[in-house]
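**Student:** Have a look at this one before I ask anything.
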Amino acid sequence: MHAKQVLSLLSLALSFAAASPAFAQDAADQKPLPAQLVDALNGVFGKQTDNRAVHAKGIVLEGKFTPSADAASLTKAPHLQAGTTVPVTVRFSDFAGVPAIPDTDPNASPRGMAVKFQLPDGSNSDLVMHSYNGFPTATAEQFRDLLIALAASGKDAPKPTPLEQFFETHPIAKTFLTAEKPAPVSYASLPYYAVNSFKFTNAKDDSTLVRYQMLPEGGAEYLTKEQLAEAGPSYLAEEIRKRVADGPVRMKLQVQIAEPGDKIEDPSIAWPDSRKTVELGVVEIDKVNPDSDAAQRALLFIENAVPAGIEPADPMVDIRSQAYTVSFARRHAAAAQ
């Protein structure tokens, strides 16, 4: 995969260029940054009128979350208090902003998992994760620039291409795009990471900096090359439907605890595996939404809408949440027309 994955992503971007010209405006367009991010994603994957700008293909399921006895030691958030079980809506997804991308395509990774916790007071708290421990860039501005460089680096682009130039000064972005990401057996057989940092505050007003992780109950499982060659274009949705029909799917939610020197506002730097972890509870998924396509169009996950006891500790959380809202508003405005 490696270099091939960058070429594959480039090929995917170019296939949409005629229908949706690359976002080549200067950052100087003066639009708010969240709108620039959505425009830049559209420049790579094509303008979406009915789906998300990224992670466009997905499936919606329902279940519940039961907190652990240890969760309340970190935060006073209502869904993380012992004895409280809350309903959850879960959306699994493929990476690209292409609703028909085959699950077997390298550009379908990293996979996404978003969880909407339905709190006792009727509000929600959302969590957005993907299956790679890290983000390609340190800031949202750099991510926009990466997307613009990717869209501008077609086969006729002079060498070094804008993407190659970007990689020279942003090696982590190159690693993100070229790292091997094997195809999973199931959406539920992957670990997921919320790469941004949050501050938890407990009832004693003690605060802790954390990053979320979601771990599959049975451990990570991946397809062999032979199995991948035989898999269908929507094998992941088919597999999760069968898996849930056979019994509840359980995934453990935990957080890593930051130590001095850990990067709090730079999601491109993963914290070491040696960091202490605390289990927050278990997500138990027991059914597929009967109208998943309609449900996912109606869903908006907003990471910065959090209850007392949780605060974003990385400015990218707010910018990403605003970008999700821009994408949501645009596709619903298009549908209304």
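Chain labels follow the order of the structure tokens: the first chain is A, the next B, and so on; residue numbering restarts at 1 in every chain, and ligands are counted from 1 in their shown order.
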If you take only C-alpha atoms and a cut-off of 12 Å, which residues of region 195-307 of chain A touch region 94-109 of chain A, and what are their nearest atom pairs and distances in Å to one decimal, in chain and number order, as a tab-separated table?

**Tutor:**
```
residue	atom	partner	partner_atom	distance
A:Tyr222	CA	A:Thr104	CA	12.0
A:Leu223	CA	A:Thr104	CA	10.2
A:Thr224	CA	A:Thr104	CA	11.8
A:Lys225	CA	A:Thr104	CA	10.5
A:Glu226	CA	A:Thr104	CA	11.9
A:Gln227	CA	A:Thr104	CA	10.3
A:Leu228	CA	A:Thr104	CA	6.7
A:Ala229	CA	A:Thr104	CA	8.1
A:Glu230	CA	A:Thr104	CA	9.5
A:Ala231	CA	A:Thr104	CA	7.1
A:Gly232	CA	A:Thr104	CA	7.4
A:Pro233	CA	A:Pro102	CA	4.2
A:Ser234	CA	A:Asp103	CA	5.6
A:Tyr235	CA	A:Asp103	CA	6.6
A:Leu236	CA	A:Asp103	CA	6.7
A:Ala237	CA	A:Asp103	CA	8.9
A:Glu238	CA	A:Asp103	CA	10.7
A:Glu239	CA	A:Asp103	CA	11.4
A:Asp293	CA	A:Pro99	CA	10.8
A:Gln296	CA	A:Pro99	CA	11.8
A:Arg297	CA	A:Pro99	CA	11.7
```

**Student:** Keeping N, CA, C and O atoms for every residue in the selection just given, could you write it to a file as a short mmCIF file (atom, residue, chain, number, x, y, z; two decimals), in the first residue's frame?

**Tutor:**
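Output contents, as saved in part.cif:
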```cif
data_model
loop_
_atom_site.label_atom_id
_atom_site.label_comp_id
_atom_site.auth_asym_id
_atom_site.auth_seq_id
_atom_site.Cartn_x
_atom_site.Cartn_y
_atom_site.Cartn_z
N TYR A 222 -8.42 -8.22 11.35
CA TYR A 222 -8.30 -7.68 10.00
C TYR A 222 -8.41 -8.80 8.97
O TYR A 222 -8.11 -9.97 9.26
N LEU A 223 -8.81 -8.44 7.77
CA LEU A 223 -8.91 -9.41 6.68
C LEU A 223 -7.53 -9.73 6.13
O LEU A 223 -6.64 -8.87 6.09
N THR A 224 -7.35 -10.97 5.69
CA THR A 224 -6.15 -11.31 4.93
C THR A 224 -6.32 -10.75 3.51
O THR A 224 -7.41 -10.34 3.11
N LYS A 225 -5.25 -10.72 2.75
CA LYS A 225 -5.33 -10.25 1.37
C LYS A 225 -6.31 -11.10 0.57
O LYS A 225 -7.04 -10.59 -0.29
N GLU A 226 -6.31 -12.40 0.85
CA GLU A 226 -7.22 -13.31 0.13
C GLU A 226 -8.67 -13.00 0.49
O GLU A 226 -9.55 -12.98 -0.38
N GLN A 227 -8.92 -12.77 1.77
CA GLN A 227 -10.28 -12.44 2.19
C GLN A 227 -10.74 -11.10 1.62
O GLN A 227 -11.89 -10.95 1.21
N LEU A 228 -9.82 -10.15 1.58
CA LEU A 228 -10.15 -8.83 1.03
C LEU A 228 -10.51 -8.93 -0.44
O LEU A 228 -11.44 -8.27 -0.91
N ALA A 229 -9.79 -9.77 -1.17
CA ALA A 229 -10.06 -9.93 -2.61
C ALA A 229 -11.45 -10.50 -2.86
O ALA A 229 -12.05 -10.24 -3.91
N GLU A 230 -11.98 -11.24 -1.90
CA GLU A 230 -13.30 -11.85 -2.08
C GLU A 230 -14.42 -11.02 -1.46
O GLU A 230 -15.60 -11.32 -1.64
N ALA A 231 -14.07 -9.95 -0.74
CA ALA A 231 -15.08 -9.15 -0.04
C ALA A 231 -15.85 -8.27 -1.01
O ALA A 231 -15.31 -7.80 -2.01
N GLY A 232 -17.12 -8.02 -0.70
CA GLY A 232 -17.96 -7.19 -1.53
C GLY A 232 -17.78 -5.71 -1.23
O GLY A 232 -17.17 -5.33 -0.22
N PRO A 233 -18.33 -4.84 -2.07
CA PRO A 233 -18.13 -3.39 -1.91
C PRO A 233 -18.79 -2.80 -0.67
O PRO A 233 -18.42 -1.72 -0.22
N SER A 234 -19.76 -3.51 -0.09
CA SER A 234 -20.42 -3.05 1.14
C SER A 234 -20.37 -4.12 2.21
O SER A 234 -21.30 -4.30 2.99
N TYR A 235 -19.25 -4.83 2.26
CA TYR A 235 -19.16 -5.97 3.17
C TYR A 235 -19.25 -5.55 4.63
O TYR A 235 -19.74 -6.32 5.48
N LEU A 236 -18.82 -4.34 4.95
CA LEU A 236 -18.81 -3.92 6.36
C LEU A 236 -20.23 -3.69 6.88
O LEU A 236 -20.55 -4.09 8.01
N ALA A 237 -21.08 -3.06 6.08
CA ALA A 237 -22.47 -2.88 6.50
C ALA A 237 -23.17 -4.22 6.60
O ALA A 237 -23.94 -4.47 7.55
N GLU A 238 -22.90 -5.10 5.64
CA GLU A 238 -23.52 -6.43 5.67
C GLU A 238 -23.06 -7.21 6.91
O GLU A 238 -23.86 -7.87 7.58
N GLU A 239 -21.76 -7.11 7.22
CA GLU A 239 -21.22 -7.85 8.36
C GLU A 239 -21.79 -7.34 9.69
O GLU A 239 -22.16 -8.14 10.55
N ASP A 293 -30.20 5.08 6.07
CA ASP A 293 -29.85 6.15 5.14
C ASP A 293 -30.48 7.47 5.56
O ASP A 293 -29.83 8.51 5.59
N GLN A 296 -28.86 8.76 8.91
CA GLN A 296 -27.55 9.39 8.87
C GLN A 296 -27.59 10.77 8.22
O GLN A 296 -26.80 11.65 8.56
N ARG A 297 -28.55 10.99 7.32
CA ARG A 297 -28.70 12.34 6.76
C ARG A 297 -29.18 13.32 7.83
O ARG A 297 -28.85 14.50 7.80
#
```

**Student:** Do a neighbour search on Gln337 (chain A) at 12 Å with only C-alpha atoms, toss out local chain neighbours closer than 5 positions, and write the hits as a PyMOL selection string.

**Tutor:** chain A and resi 49-50+330-332

**Student:** With N, CA, C and O atoms retained, export the selected residues as a PDB file, in the first residue's frame.

**Tutor:**
```pdb
ATOM      1  N   THR A  49     -24.214  17.006  -2.151  1.00  0.00           N
ATOM      2  CA  THR A  49     -25.502  17.682  -1.965  1.00  0.00           C
ATOM      3  C   THR A  49     -26.431  16.881  -1.066  1.00  0.00           C
ATOM      4  O   THR A  49     -27.437  17.402  -0.600  1.00  0.00           O
ATOM      5  N   ASP A  50     -26.082  15.616  -0.807  1.00  0.00           N
ATOM      6  CA  ASP A  50     -26.967  14.768  -0.013  1.00  0.00           C
ATOM      7  C   ASP A  50     -26.226  14.016   1.082  1.00  0.00           C
ATOM      8  O   ASP A  50     -26.832  13.268   1.839  1.00  0.00           O
ATOM      9  N   ARG A 330     -25.399  22.827   4.492  1.00  0.00           N
ATOM     10  CA  ARG A 330     -25.344  22.882   3.018  1.00  0.00           C
ATOM     11  C   ARG A 330     -26.134  21.744   2.397  1.00  0.00           C
ATOM     12  O   ARG A 330     -26.885  21.946   1.440  1.00  0.00           O
ATOM     13  N   ARG A 331     -25.977  20.535   2.930  1.00  0.00           N
ATOM     14  CA  ARG A 331     -26.677  19.413   2.290  1.00  0.00           C
ATOM     15  C   ARG A 331     -28.165  19.484   2.538  1.00  0.00           C
ATOM     16  O   ARG A 331     -28.961  19.075   1.689  1.00  0.00           O
ATOM     17  N   HIS A 332     -28.570  20.028   3.677  1.00  0.00           N
ATOM     18  CA  HIS A 332     -30.003  20.142   3.939  1.00  0.00           C
ATOM     19  C   HIS A 332     -30.610  21.299   3.151  1.00  0.00           C
ATOM     20  O   HIS A 332     -31.767  21.217   2.743  1.00  0.00           O
TER      21      HIS A 332
END
```

**Student:** With a cut-off of 10 Å, could you pull out the residues of region 257-328 of chain A touching region 212-220 of chain A and give me the nearest pair of atoms for each, distance in Å to one decimal, using only C-alpha atoms, ordered by chain and ascending number, as a tab-separated table?

**Tutor:**
```
residue	atom	partner	partner_atom	distance
A:Ile257	CA	A:Tyr212	CA	9.3
A:Thr277	CA	A:Gln213	CA	9.2
A:Val278	CA	A:Tyr212	CA	9.7
A:Glu279	CA	A:Gln213	CA	9.4
A:Leu280	CA	A:Tyr212	CA	9.3
A:Gly281	CA	A:Met214	CA	9.9
A:Val282	CA	A:Met214	CA	9.1
A:Val283	CA	A:Met214	CA	8.9
```

**Student:** How close does region 113-213 of chain A get to region 29-38 of chain A? List, as JSON lines, each residue of region 113-213 of chain A within 10 Å, its nearest atom pair and the distance in Å to one decimal, counting only C-alpha atoms.

**Tutor:**
```
{"residue": "A:Ala140", "atom": "CA", "partner": "A:Leu37", "partner_atom": "CA", "distance": 7.9}
{"residue": "A:Glu141", "atom": "CA", "partner": "A:Leu33", "partner_atom": "CA", "distance": 7.4}
{"residue": "A:Phe143", "atom": "CA", "partner": "A:Leu37", "partner_atom": "CA", "distance": 7.9}
{"residue": "A:Arg144", "atom": "CA", "partner": "A:Leu37", "partner_atom": "CA", "distance": 5.4}
{"residue": "A:Asp145", "atom": "CA", "partner": "A:Leu37", "partner_atom": "CA", "distance": 9.0}
{"residue": "A:Leu147", "atom": "CA", "partner": "A:Leu37", "partner_atom": "CA", "distance": 8.3}
{"residue": "A:Ile148", "atom": "CA", "partner": "A:Leu37", "partner_atom": "CA", "distance": 9.4}
```

**Student:** Among region 173-253 of chain A, which residues carry a DSSP assignment of strand (DSSP E), reported as a list in words?

**Tutor:**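 Selecting the strand (DSSP E) positions of region 173-253 of chain A gives Tyr192, Tyr193, Phe198, Lys199, Phe200, Thr201, Ser207, Thr208, Leu209, Val210, Arg211, Tyr212, Gln213, Met214, Leu215, Pro216, Val249, Arg250, Met251, Lys252 and Leu253 of chain A.
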
**Student:** What does the distance between CA of Ser321 (chain A) and CA of Asn304 (chain A) come to in Å, to one decimal place?

**Tutor:**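 Computing the Euclidean distance for CA of Ser321 (chain A) and CA of Asn304 (chain A) yields 6.4 Å.
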
**Student:** Between A:Pro290, A:Pro260, A:Pro67, A:Gly43, which one has atoms that come closest to Ser153 (chain A), using only C-alpha atoms?

**Tutor:**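 Ranking A:Pro290, A:Pro260, A:Pro67, A:Gly43 by distance to Ser153 (chain A), first place goes to A:Gly43.
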
**Student:** In Å, rounded to a single decimal, give me how far CA of Trp271 (chain A) is from CA of Met251 (chain A).

**Tutor:** 21.0 Å
